[in-house]
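What follows is the content of coords31.cif, which has mmCIF, C-alpha atoms:
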data_work
loop_
_atom_site.group_PDB
_atom_site.id
_atom_site.type_symbol
_atom_site.label_atom_id
_atom_site.label_comp_id
_atom_site.auth_asym_id
_atom_site.auth_seq_id
_atom_site.Cartn_x
_atom_site.Cartn_y
_atom_site.Cartn_z
ATOM 1 C CA MET Q 17 9.794 146.477 95.395
ATOM 2 C CA GLU Q 18 10.864 144.815 92.160
ATOM 3 C CA ARG Q 19 14.503 144.806 91.134
ATOM 4 C CA GLY Q 20 13.798 146.873 88.014
ATOM 5 C CA GLU Q 21 12.144 149.623 90.045
ATOM 6 C CA LEU Q 22 15.075 149.716 92.468
ATOM 7 C CA ASN Q 23 17.473 150.066 89.541
ATOM 8 C CA ASP Q 24 15.391 152.933 88.168
ATOM 9 C CA LEU Q 25 15.502 154.694 91.546
ATOM 10 C CA LEU Q 26 19.286 154.316 91.638
ATOM 11 C CA THR Q 27 19.444 155.692 88.108
ATOM 12 C CA PHE Q 28 17.300 158.698 89.004
ATOM 13 C CA ALA Q 29 19.405 159.423 92.106
ATOM 14 C CA ALA Q 30 22.624 159.404 90.053
ATOM 15 C CA VAL Q 31 21.219 161.779 87.421
ATOM 16 C CA ALA Q 32 19.719 164.093 90.065
ATOM 17 C CA ARG Q 33 23.012 164.331 91.972
ATOM 18 C CA GLU Q 34 25.163 164.856 88.886
ATOM 19 C CA ARG Q 35 22.674 167.168 87.113
ATOM 20 C CA SER Q 36 23.757 165.420 83.939
ATOM 21 C CA PHE Q 37 22.755 162.248 82.092
ATOM 22 C CA THR Q 38 26.246 162.054 80.570
ATOM 23 C CA ARG Q 39 28.123 162.169 83.882
ATOM 24 C CA ALA Q 40 25.661 159.800 85.560
ATOM 25 C CA ALA Q 41 26.000 157.391 82.637
ATOM 26 C CA ALA Q 42 29.791 157.378 83.024
ATOM 27 C CA ILE Q 43 29.481 156.591 86.742
ATOM 28 C CA LEU Q 44 26.900 153.816 86.254
ATOM 29 C CA GLY Q 45 28.479 152.344 83.123
ATOM 30 C CA MET Q 46 25.345 152.876 81.036
ATOM 31 C CA SER Q 47 24.482 154.921 77.978
ATOM 32 C CA PRO Q 48 22.787 158.328 78.443
ATOM 33 C CA SER Q 49 19.848 157.154 76.336
ATOM 34 C CA ALA Q 50 19.337 154.109 78.571
ATOM 35 C CA LEU Q 51 19.358 156.363 81.653
ATOM 36 C CA SER Q 52 16.853 158.731 80.084
ATOM 37 C CA HIS Q 53 14.563 155.823 79.179
ATOM 38 C CA ALA Q 54 14.784 154.435 82.732
ATOM 39 C CA VAL Q 55 13.946 157.777 84.346
ATOM 40 C CA ARG Q 56 11.009 158.378 81.977
ATOM 41 C CA GLY Q 57 9.673 154.935 82.819
ATOM 42 C CA LEU Q 58 9.926 155.696 86.538
ATOM 43 C CA GLU Q 59 8.146 159.041 86.062
ATOM 44 C CA GLU Q 60 5.324 157.345 84.140
ATOM 45 C CA ARG Q 61 4.842 154.687 86.823
ATOM 46 C CA LEU Q 62 4.844 157.262 89.629
ATOM 47 C CA GLY Q 63 2.745 159.770 87.682
ATOM 48 C CA VAL Q 64 5.087 162.602 88.693
ATOM 49 C CA ARG Q 65 7.734 164.518 86.785
ATOM 50 C CA LEU Q 66 11.034 164.069 88.653
ATOM 51 C CA LEU Q 67 13.513 165.886 86.409
ATOM 52 C CA ALA Q 68 13.290 169.205 84.573
ATOM 53 C CA ARG Q 69 15.153 168.813 81.294
ATOM 54 C CA THR Q 70 16.425 171.434 78.873
ATOM 55 C CA THR Q 71 18.859 171.142 75.986
ATOM 56 C CA ARG Q 72 21.677 172.268 78.299
ATOM 57 C CA SER Q 73 20.803 171.155 81.831
ATOM 58 C CA VAL Q 74 19.030 168.656 84.021
ATOM 59 C CA ALA Q 75 17.744 169.417 87.522
ATOM 60 C CA PRO Q 76 15.329 167.742 89.961
ATOM 61 C CA THR Q 77 11.819 169.147 90.168
ATOM 62 C CA GLU Q 78 10.395 169.877 93.609
ATOM 63 C CA ALA Q 79 8.981 166.346 93.683
ATOM 64 C CA GLY Q 80 12.282 164.949 92.455
ATOM 65 C CA GLU Q 81 14.220 166.819 95.133
ATOM 66 C CA ARG Q 82 11.943 165.417 97.832
ATOM 67 C CA LEU Q 83 12.371 161.889 96.471
ATOM 68 C CA LEU Q 84 16.158 162.309 96.339
ATOM 69 C CA GLN Q 85 16.256 163.464 99.963
ATOM 70 C CA SER Q 86 14.293 160.403 101.060
ATOM 71 C CA LEU Q 87 16.477 158.055 98.990
ATOM 72 C CA ASN Q 88 19.844 159.379 100.190
ATOM 73 C CA PRO Q 89 19.815 157.781 103.675
ATOM 74 C CA ALA Q 90 18.812 154.400 102.223
ATOM 75 C CA LEU Q 91 21.463 154.579 99.485
ATOM 76 C CA GLU Q 92 24.061 155.589 102.058
ATOM 77 C CA GLY Q 93 23.116 152.586 104.166
ATOM 78 C CA ILE Q 94 23.447 150.260 101.177
ATOM 79 C CA ARG Q 95 26.827 151.735 100.346
ATOM 80 C CA ASP Q 96 28.049 151.328 103.925
ATOM 81 C CA GLY Q 97 26.907 147.720 103.922
ATOM 82 C CA LEU Q 98 28.759 146.955 100.698
ATOM 83 C CA GLU Q 99 31.867 148.690 101.972
ATOM 84 C CA ALA Q 100 31.721 146.615 105.160
ATOM 85 C CA LEU Q 101 31.683 143.450 103.040
ATOM 86 C CA ALA Q 102 34.784 144.724 101.256
ATOM 87 C CA GLU Q 103 36.704 144.189 104.512
ATOM 88 C CA TRP Q 104 36.488 140.453 103.816
ATOM 89 C CA ARG Q 105 38.177 140.751 100.429
ATOM 90 C CA ASP Q 106 41.873 140.104 99.954
ATOM 91 C CA SER Q 107 42.370 143.477 98.239
ATOM 92 C CA PRO Q 108 40.509 146.844 98.090
ATOM 93 C CA SER Q 109 37.947 147.304 95.342
ATOM 94 C CA GLY Q 110 35.360 149.806 94.192
ATOM 95 C CA THR Q 111 35.350 153.400 93.005
ATOM 96 C CA VAL Q 112 36.998 156.379 94.701
ATOM 97 C CA ARG Q 113 35.806 159.810 93.525
ATOM 98 C CA ILE Q 114 38.183 162.708 94.236
ATOM 99 C CA THR Q 115 37.720 166.433 93.603
ATOM 100 C CA THR Q 116 40.763 168.702 93.459
ATOM 101 C CA PHE Q 117 42.286 171.551 91.439
ATOM 102 C CA ALA Q 118 44.755 171.289 88.571
ATOM 103 C CA TYR Q 119 47.929 172.244 90.458
ATOM 104 C CA ALA Q 120 47.252 169.769 93.280
ATOM 105 C CA ALA Q 121 46.512 167.027 90.759
ATOM 106 C CA ARG Q 122 49.851 167.677 89.063
ATOM 107 C CA MET Q 123 51.861 167.858 92.276
ATOM 108 C CA VAL Q 124 50.168 165.149 94.372
ATOM 109 C CA LEU Q 125 48.352 162.706 92.096
ATOM 110 C CA LEU Q 126 50.496 162.642 88.983
ATOM 111 C CA PRO Q 127 53.615 161.213 90.695
ATOM 112 C CA LYS Q 128 51.846 158.509 92.734
ATOM 113 C CA LEU Q 129 48.486 157.615 91.188
ATOM 114 C CA PRO Q 130 49.772 155.409 88.305
ATOM 115 C CA SER Q 131 51.637 153.089 90.703
ATOM 116 C CA PHE Q 132 48.567 152.956 92.956
ATOM 117 C CA LEU Q 133 46.388 151.823 90.052
ATOM 118 C CA LEU Q 134 48.882 149.108 89.130
ATOM 119 C CA ALA Q 135 49.016 147.882 92.731
ATOM 120 C CA HIS Q 136 45.203 147.916 93.120
ATOM 121 C CA PRO Q 137 43.684 146.706 89.819
ATOM 122 C CA GLU Q 138 40.179 146.350 91.324
ATOM 123 C CA VAL Q 139 39.996 150.019 92.358
ATOM 124 C CA GLN Q 140 38.700 152.658 89.963
ATOM 125 C CA VAL Q 141 39.663 156.280 90.670
ATOM 126 C CA GLU Q 142 37.699 159.192 89.223
ATOM 127 C CA ILE Q 143 39.315 162.652 89.384
ATOM 128 C CA ASN Q 144 37.277 165.844 89.004
ATOM 129 C CA ILE Q 145 39.302 169.043 88.411
ATOM 130 C CA ASP Q 146 37.620 172.134 89.847
ATOM 131 C CA ASP Q 147 39.050 175.431 91.162
ATOM 132 C CA GLY Q 148 36.000 175.906 93.382
ATOM 133 C CA LEU Q 149 35.523 174.548 96.886
ATOM 134 C CA THR Q 150 33.182 171.682 96.087
ATOM 135 C CA ASP Q 151 30.876 170.311 98.784
ATOM 136 C CA ILE Q 152 32.117 166.731 98.622
ATOM 137 C CA VAL Q 153 29.178 165.309 100.567
ATOM 138 C CA ALA Q 154 26.460 166.991 98.488
ATOM 139 C CA SER Q 155 28.291 166.235 95.235
ATOM 140 C CA GLY Q 156 28.913 162.569 95.999
ATOM 141 C CA PHE Q 157 32.714 162.657 96.252
ATOM 142 C CA ASP Q 158 34.616 160.394 98.611
ATOM 143 C CA ALA Q 159 37.347 162.963 99.262
ATOM 144 C CA GLY Q 160 38.902 166.220 98.135
ATOM 145 C CA ILE Q 161 42.456 167.539 97.903
ATOM 146 C CA ARG Q 162 43.054 171.233 98.717
ATOM 147 C CA PHE Q 163 45.430 173.466 100.606
ATOM 148 C CA GLY Q 164 45.099 172.898 104.339
ATOM 149 C CA GLU Q 165 43.701 176.362 105.049
ATOM 150 C CA SER Q 166 40.704 175.609 102.798
ATOM 151 C CA VAL Q 167 39.655 172.379 104.529
ATOM 152 C CA ALA Q 168 36.514 172.598 106.693
ATOM 153 C CA LYS Q 169 36.993 171.897 110.394
ATOM 154 C CA ASP Q 170 34.456 169.060 110.429
ATOM 155 C CA MET Q 171 36.457 167.019 107.924
ATOM 156 C CA ILE Q 172 39.120 164.399 108.584
ATOM 157 C CA ALA Q 173 42.295 165.819 107.001
ATOM 158 C CA VAL Q 174 45.439 163.905 106.010
ATOM 159 C CA LYS Q 175 48.643 165.809 105.238
ATOM 160 C CA LEU Q 176 49.969 165.035 101.747
ATOM 161 C CA GLY Q 177 53.008 167.302 101.585
ATOM 162 C CA PRO Q 178 55.137 169.922 103.347
ATOM 163 C CA ASP Q 179 54.116 173.501 104.083
ATOM 164 C CA MET Q 180 54.359 175.734 101.025
ATOM 165 C CA ARG Q 181 54.986 179.338 100.061
ATOM 166 C CA THR Q 182 54.014 181.537 97.135
ATOM 167 C CA VAL Q 183 56.766 183.947 96.053
ATOM 168 C CA VAL Q 184 57.061 186.976 93.783
ATOM 169 C CA VAL Q 185 59.778 186.657 91.134
ATOM 170 C CA GLY Q 186 61.072 188.396 88.042
ATOM 171 C CA THR Q 187 64.068 188.106 85.751
ATOM 172 C CA PRO Q 188 67.248 190.209 86.137
ATOM 173 C CA SER Q 189 66.380 191.877 82.817
ATOM 174 C CA TYR Q 190 62.988 192.934 84.186
ATOM 175 C CA PHE Q 191 64.627 194.577 87.205
ATOM 176 C CA GLU Q 192 67.013 196.407 84.922
ATOM 177 C CA ARG Q 193 63.927 198.214 83.608
ATOM 178 C CA TYR Q 194 61.958 198.561 86.855
ATOM 179 C CA PRO Q 195 63.054 198.990 90.491
ATOM 180 C CA PRO Q 196 62.178 196.044 92.773
ATOM 181 C CA PRO Q 197 58.972 196.527 94.818
ATOM 182 C CA LEU Q 198 59.625 197.229 98.504
ATOM 183 C CA THR Q 199 56.065 196.569 99.708
ATOM 184 C CA PRO Q 200 53.104 194.717 98.169
ATOM 185 C CA TYR Q 201 51.465 198.063 97.379
ATOM 186 C CA ASP Q 202 54.328 198.816 94.967
ATOM 187 C CA LEU Q 203 53.095 195.961 92.753
ATOM 188 C CA GLN Q 204 50.345 198.213 91.451
ATOM 189 C CA ARG Q 205 53.059 200.086 89.529
ATOM 190 C CA HIS Q 206 54.499 196.883 88.038
ATOM 191 C CA ALA Q 207 53.633 194.597 85.150
ATOM 192 C CA CYS Q 208 52.191 191.556 86.923
ATOM 193 C CA ILE Q 209 51.250 188.328 85.186
ATOM 194 C CA GLY Q 210 47.787 187.241 86.365
ATOM 195 C CA TYR Q 211 45.941 183.961 86.783
ATOM 196 C CA ARG Q 212 42.176 183.730 86.209
ATOM 197 C CA LEU Q 213 40.287 181.118 88.224
ATOM 198 C CA THR Q 214 38.564 178.726 85.843
ATOM 199 C CA THR Q 215 35.521 178.115 88.054
ATOM 200 C CA SER Q 216 34.602 181.566 89.361
ATOM 201 C CA GLY Q 217 36.194 183.547 86.541
ATOM 202 C CA GLY Q 218 37.781 185.963 89.021
ATOM 203 C CA LEU Q 219 41.433 186.991 89.069
ATOM 204 C CA LEU Q 220 43.553 185.313 91.722
ATOM 205 C CA PRO Q 221 44.628 188.000 94.204
ATOM 206 C CA TRP Q 222 48.235 188.108 95.412
ATOM 207 C CA GLU Q 223 48.159 187.493 99.159
ATOM 208 C CA PHE Q 224 50.810 188.684 101.632
ATOM 209 C CA GLU Q 225 51.322 188.785 105.381
ATOM 210 C CA LYS Q 226 53.756 190.539 107.718
ATOM 211 C CA ASP Q 227 53.621 191.164 111.470
ATOM 212 C CA GLY Q 228 50.105 189.736 111.583
ATOM 213 C CA LYS Q 229 48.872 192.059 108.815
ATOM 214 C CA GLU Q 230 47.297 190.395 105.788
ATOM 215 C CA ILE Q 231 47.131 192.139 102.412
ATOM 216 C CA LYS Q 232 45.454 191.131 99.157
ATOM 217 C CA ILE Q 233 46.656 192.918 96.029
ATOM 218 C CA HIS Q 234 44.677 192.914 92.788
ATOM 219 C CA THR Q 235 47.334 193.311 90.126
ATOM 220 C CA ASN Q 236 47.401 194.480 86.526
ATOM 221 C CA GLY Q 237 49.688 193.498 83.699
ATOM 222 C CA PRO Q 238 50.152 192.431 80.094
ATOM 223 C CA LEU Q 239 48.849 188.861 80.481
ATOM 224 C CA VAL Q 240 46.078 186.964 82.238
ATOM 225 C CA ALA Q 241 45.591 183.225 81.728
ATOM 226 C CA ASN Q 242 43.737 180.355 83.405
ATOM 227 C CA ASP Q 243 46.632 177.950 82.845
ATOM 228 C CA GLY Q 244 49.614 178.179 85.189
ATOM 229 C CA ASP Q 245 52.263 177.242 82.616
ATOM 230 C CA ILE Q 246 51.542 180.231 80.351
ATOM 231 C CA PRO Q 247 52.013 182.922 83.054
ATOM 232 C CA ALA Q 248 55.179 181.174 84.267
ATOM 233 C CA ALA Q 249 56.612 181.218 80.741
ATOM 234 C CA ALA Q 250 55.874 184.954 80.441
ATOM 235 C CA VAL Q 251 57.638 185.619 83.750
ATOM 236 C CA ARG Q 252 60.693 183.612 82.696
ATOM 237 C CA ALA Q 253 60.817 185.633 79.480
ATOM 238 C CA GLY Q 254 60.986 188.888 81.451
ATOM 239 C CA ALA Q 255 57.506 190.137 80.507
ATOM 240 C CA GLY Q 256 56.495 190.798 84.112
ATOM 241 C CA LEU Q 257 56.466 189.673 87.709
ATOM 242 C CA GLY Q 258 54.952 186.365 88.708
ATOM 243 C CA TYR Q 259 53.208 185.018 91.804
ATOM 244 C CA ILE Q 260 54.439 181.439 91.735
ATOM 245 C CA MET Q 261 54.844 178.477 94.103
ATOM 246 C CA GLU Q 262 58.346 178.543 95.557
ATOM 247 C CA CYS Q 263 58.901 174.841 94.874
ATOM 248 C CA ASP Q 264 58.410 175.486 91.142
ATOM 249 C CA VAL Q 265 61.107 178.168 90.916
ATOM 250 C CA ALA Q 266 63.514 177.304 93.774
ATOM 251 C CA GLU Q 267 66.285 176.139 91.434
ATOM 252 C CA GLU Q 268 65.963 179.242 89.248
ATOM 253 C CA ILE Q 269 66.110 181.522 92.289
ATOM 254 C CA ALA Q 270 69.217 179.685 93.517
ATOM 255 C CA SER Q 271 70.911 180.019 90.118
ATOM 256 C CA GLY Q 272 69.972 183.692 89.712
ATOM 257 C CA THR Q 273 67.829 183.084 86.627
ATOM 258 C CA LEU Q 274 64.929 184.528 88.621
ATOM 259 C CA VAL Q 275 65.103 187.110 91.399
ATOM 260 C CA GLN Q 276 62.793 186.885 94.406
ATOM 261 C CA VAL Q 277 61.365 190.065 95.949
ATOM 262 C CA LEU Q 278 59.124 190.825 98.959
ATOM 263 C CA LYS Q 279 60.581 187.819 100.824
ATOM 264 C CA GLU Q 280 59.500 189.015 104.264
ATOM 265 C CA TRP Q 281 55.898 189.367 103.027
ATOM 266 C CA CYS Q 282 55.605 185.750 101.853
ATOM 267 C CA PRO Q 283 55.096 183.366 104.817
ATOM 268 C CA THR Q 284 54.518 179.638 104.543
ATOM 269 C CA PHE Q 285 51.041 178.135 104.671
ATOM 270 C CA PRO Q 286 49.677 174.575 105.071
ATOM 271 C CA GLY Q 287 50.349 172.483 101.985
ATOM 272 C CA PHE Q 288 48.155 169.856 100.368
ATOM 273 C CA TYR Q 289 45.687 167.836 102.427
ATOM 274 C CA LEU Q 290 43.278 165.084 101.488
ATOM 275 C CA TYR Q 291 40.010 165.476 103.375
ATOM 276 C CA HIS Q 292 36.927 163.316 103.708
ATOM 277 C CA PRO Q 293 33.771 163.179 105.874
ATOM 278 C CA SER Q 294 34.181 162.039 109.456
ATOM 279 C CA ARG Q 295 32.576 158.666 109.013
ATOM 280 C CA ARG Q 296 33.129 155.933 111.566
ATOM 281 C CA GLN Q 297 35.031 153.919 108.954
ATOM 282 C CA SER Q 298 36.355 154.936 105.532
ATOM 283 C CA PRO Q 299 35.985 152.656 102.492
ATOM 284 C CA PRO Q 300 38.956 150.272 102.045
ATOM 285 C CA ALA Q 301 39.722 151.669 98.584
ATOM 286 C CA LEU Q 302 39.927 155.218 99.978
ATOM 287 C CA ARG Q 303 42.099 154.065 102.867
ATOM 288 C CA ALA Q 304 44.482 152.390 100.428
ATOM 289 C CA LEU Q 305 44.720 155.571 98.344
ATOM 290 C CA ILE Q 306 45.364 157.665 101.459
ATOM 291 C CA GLU Q 307 48.143 155.300 102.478
ATOM 292 C CA THR Q 308 49.777 155.837 99.077
ATOM 293 C CA LEU Q 309 49.446 159.632 99.071
ATOM 294 C CA LYS Q 310 50.087 160.595 102.692
ATOM 295 C CA TYR Q 311 53.139 162.637 103.630
ATOM 296 C CA GLY Q 312 55.914 161.352 105.870
#
Would you encode the structure as structure tokens?
Amino acid sequence: MERGELNDLLTFAAVARERSFTRAAAILGMSPSALSHAVRGLEERLGVRLLARTTRSVAPTEAGERLLQSLNPALEGIRDGLEALAEWRDSPSGTVRITTFAYAARMVLLPKLPSFLLAHPEVQVEINIDDGLTDIVASGFDAGIRFGESVAKDMIAVKLGPDMRTVVVGTPSYFERYPPPLTPYDLQRHACIGYRLTTSGGLLPWEFEKDGKEIKIHTNGPLVANDGDIPAAAVRAGAGLGYIMECDVAEEIASGTLVQVLKEWCPTFPGFYLYHPSRRQSPPALRALIETLKYG
């Protein structure tokens, strides 16, 4: 196989996995037009259409999907071989692709990632923000960061922070107008500030637990947003009750600026974890990032 044909196969595999010439181009460091030209050349040489293109999407054809499945083991072997060579380098290098959601990125990555990049100049980190539970293997990510309860059992999980709790809070002025809820079911008679998941488009339910009983409440109120800062601002203004991470409002609860209700219904749950496939050996760049982010 000639080098040019191998490069074209690598190009096709990147586009097929990403379902986007733009994203694949960013990963490979090429222009989208160069990728498109390479894939068309490969299709002409093989005499088979590999990608179905529209103005809005790109997806493998049946033939393209079969080719991708046959290429994946070989590409994985090449990657493992290159990563094994990296053990001989003085410092980690390469690209680490991470998928996570916005709140985890702010709480876990924002405080520590800049210093990691300065300490490891030959490592490139790519962060993909997504509310959904992305299949990191199928999507080509090295690792993901989620709450511990969302991590699949077959993944290696590394604890990144303490256990957490979501609490229900309102201002004193709000409770001057409305009596505090005594059970989660009472929330249906309150003005509750909602959060809409950006990926699925659904409203985030308020989850509670007491004496082994789990309850999910679908609330109503004057505001729904898919950005956490806007609902929090509405709660602090007294416009309604909020379902907010305790660590974000602990000082306000302590000072009395916000009042917590339904305490006994809000247990702790596993905090942030980084997870990755159970390979025999993780890439050095990923191991270095884990060492920076891990808790304790």
I'd like the contact shell of segment 280-296 of chain Q - 9 Å cut-off, all atoms listed in the file, skipping same-chain residues fewer than 2 positions apart - returned as a ChimeraX atom specification. /Q:120,124,152-153,157-165,167-168,170-184,199-200,223-227,277-278,298,306,309-310
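Reported to one decimal place, the separation of atom CA of Phe117 of chain Q from atom CA of Ala253 of chain Q is 26.2 Å.
Comparing the minimum interatomic distances between Glu192 of chain Q and each of Q:Asn242, Q:Cys263, Q:Tyr119, Q:Val275, counting only C-alpha atoms, we find that Q:Val275 sits nearest.
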I need the residue set behind the PyMOL selection byres ((chain Q and resi 217) around 12) for this file; please write it as a compact mmCIF listing (two decimals) with C-alpha atoms, in the frame of the given file.
# COMPACT_ATOMS: atom_id res chain seq x y z
CA ASP Q 146 37.62 172.13 89.85
CA ASP Q 147 39.05 175.43 91.16
CA GLY Q 148 36.00 175.91 93.38
CA TYR Q 211 45.94 183.96 86.78
CA ARG Q 212 42.18 183.73 86.21
CA LEU Q 213 40.29 181.12 88.22
CA THR Q 214 38.56 178.73 85.84
CA THR Q 215 35.52 178.12 88.05
CA SER Q 216 34.60 181.57 89.36
CA GLY Q 218 37.78 185.96 89.02
CA LEU Q 219 41.43 186.99 89.07
CA LEU Q 220 43.55 185.31 91.72
CA VAL Q 240 46.08 186.96 82.24
CA ALA Q 241 45.59 183.22 81.73
CA ASN Q 242 43.74 180.36 83.40
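The closest residue to Thr77 of chain Q, picked from Q:Val139, Q:Leu51, Q:Ala32, Q:Leu149 and counting all atoms listed in the file, is Q:Ala32.
The gap separating atom CA of Tyr311 of chain Q from atom CA of Tyr259 of chain Q is 25.3 Å, in Å to one decimal.
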Once the PyMOL selection byres ((chain Q and resi 78) around 12) is applied to the coordinates I shared, what remains selected? I want it as a VMD selection string. chain Q and resid 32 64 to 68 75 to 77 79 to 85
Once the PyMOL selection byres ((chain Q and resi 188) around 9) has been evaluated on this model, what residues remain selected, and can you format them as a count of residues only? 11
Check the smallest atom-to-atom distance from each of Q:Ala301, Q:Leu44, Q:Ile260, Q:Val265 to Glu138 of chain Q using only C-alpha atoms, then report the winner. Q:Ala301
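In this model, the gap between atom CA of Glu230 of chain Q and atom CA of Ala249 of chain Q comes to 28.3 Å.
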Residue contacts of Met46 of chain Q (12 Å, all atoms listed in the file) excluding same-chain residues fewer than 4 positions away, as a list in words: Asn23, Thr27, Ala30, Val31, Phe37, Thr38, Arg39, Ala40, Ala41, Ala42, Ala50, Leu51, Ser52, His53 and Ala54 of chain Q
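Ranking Q:Gly210, Q:Val185, Q:Leu302, Q:Thr308 by their shortest atom-to-atom distance to Ala266 of chain Q, with only C-alpha atoms included, puts Q:Val185 first.
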Would you place a box with edges along x, y and z of the file around all atoms of segment 219-226 of chain Q listed there, add 4 Å to each of its six sides, and report the centre and edge lengths in Å to one decimal, as lines of an AutoDock Vina configuration file?
center_x = 47.6
center_y = 187.9
center_z = 98.4
size_x = 20.3
size_y = 13.2
size_z = 26.6
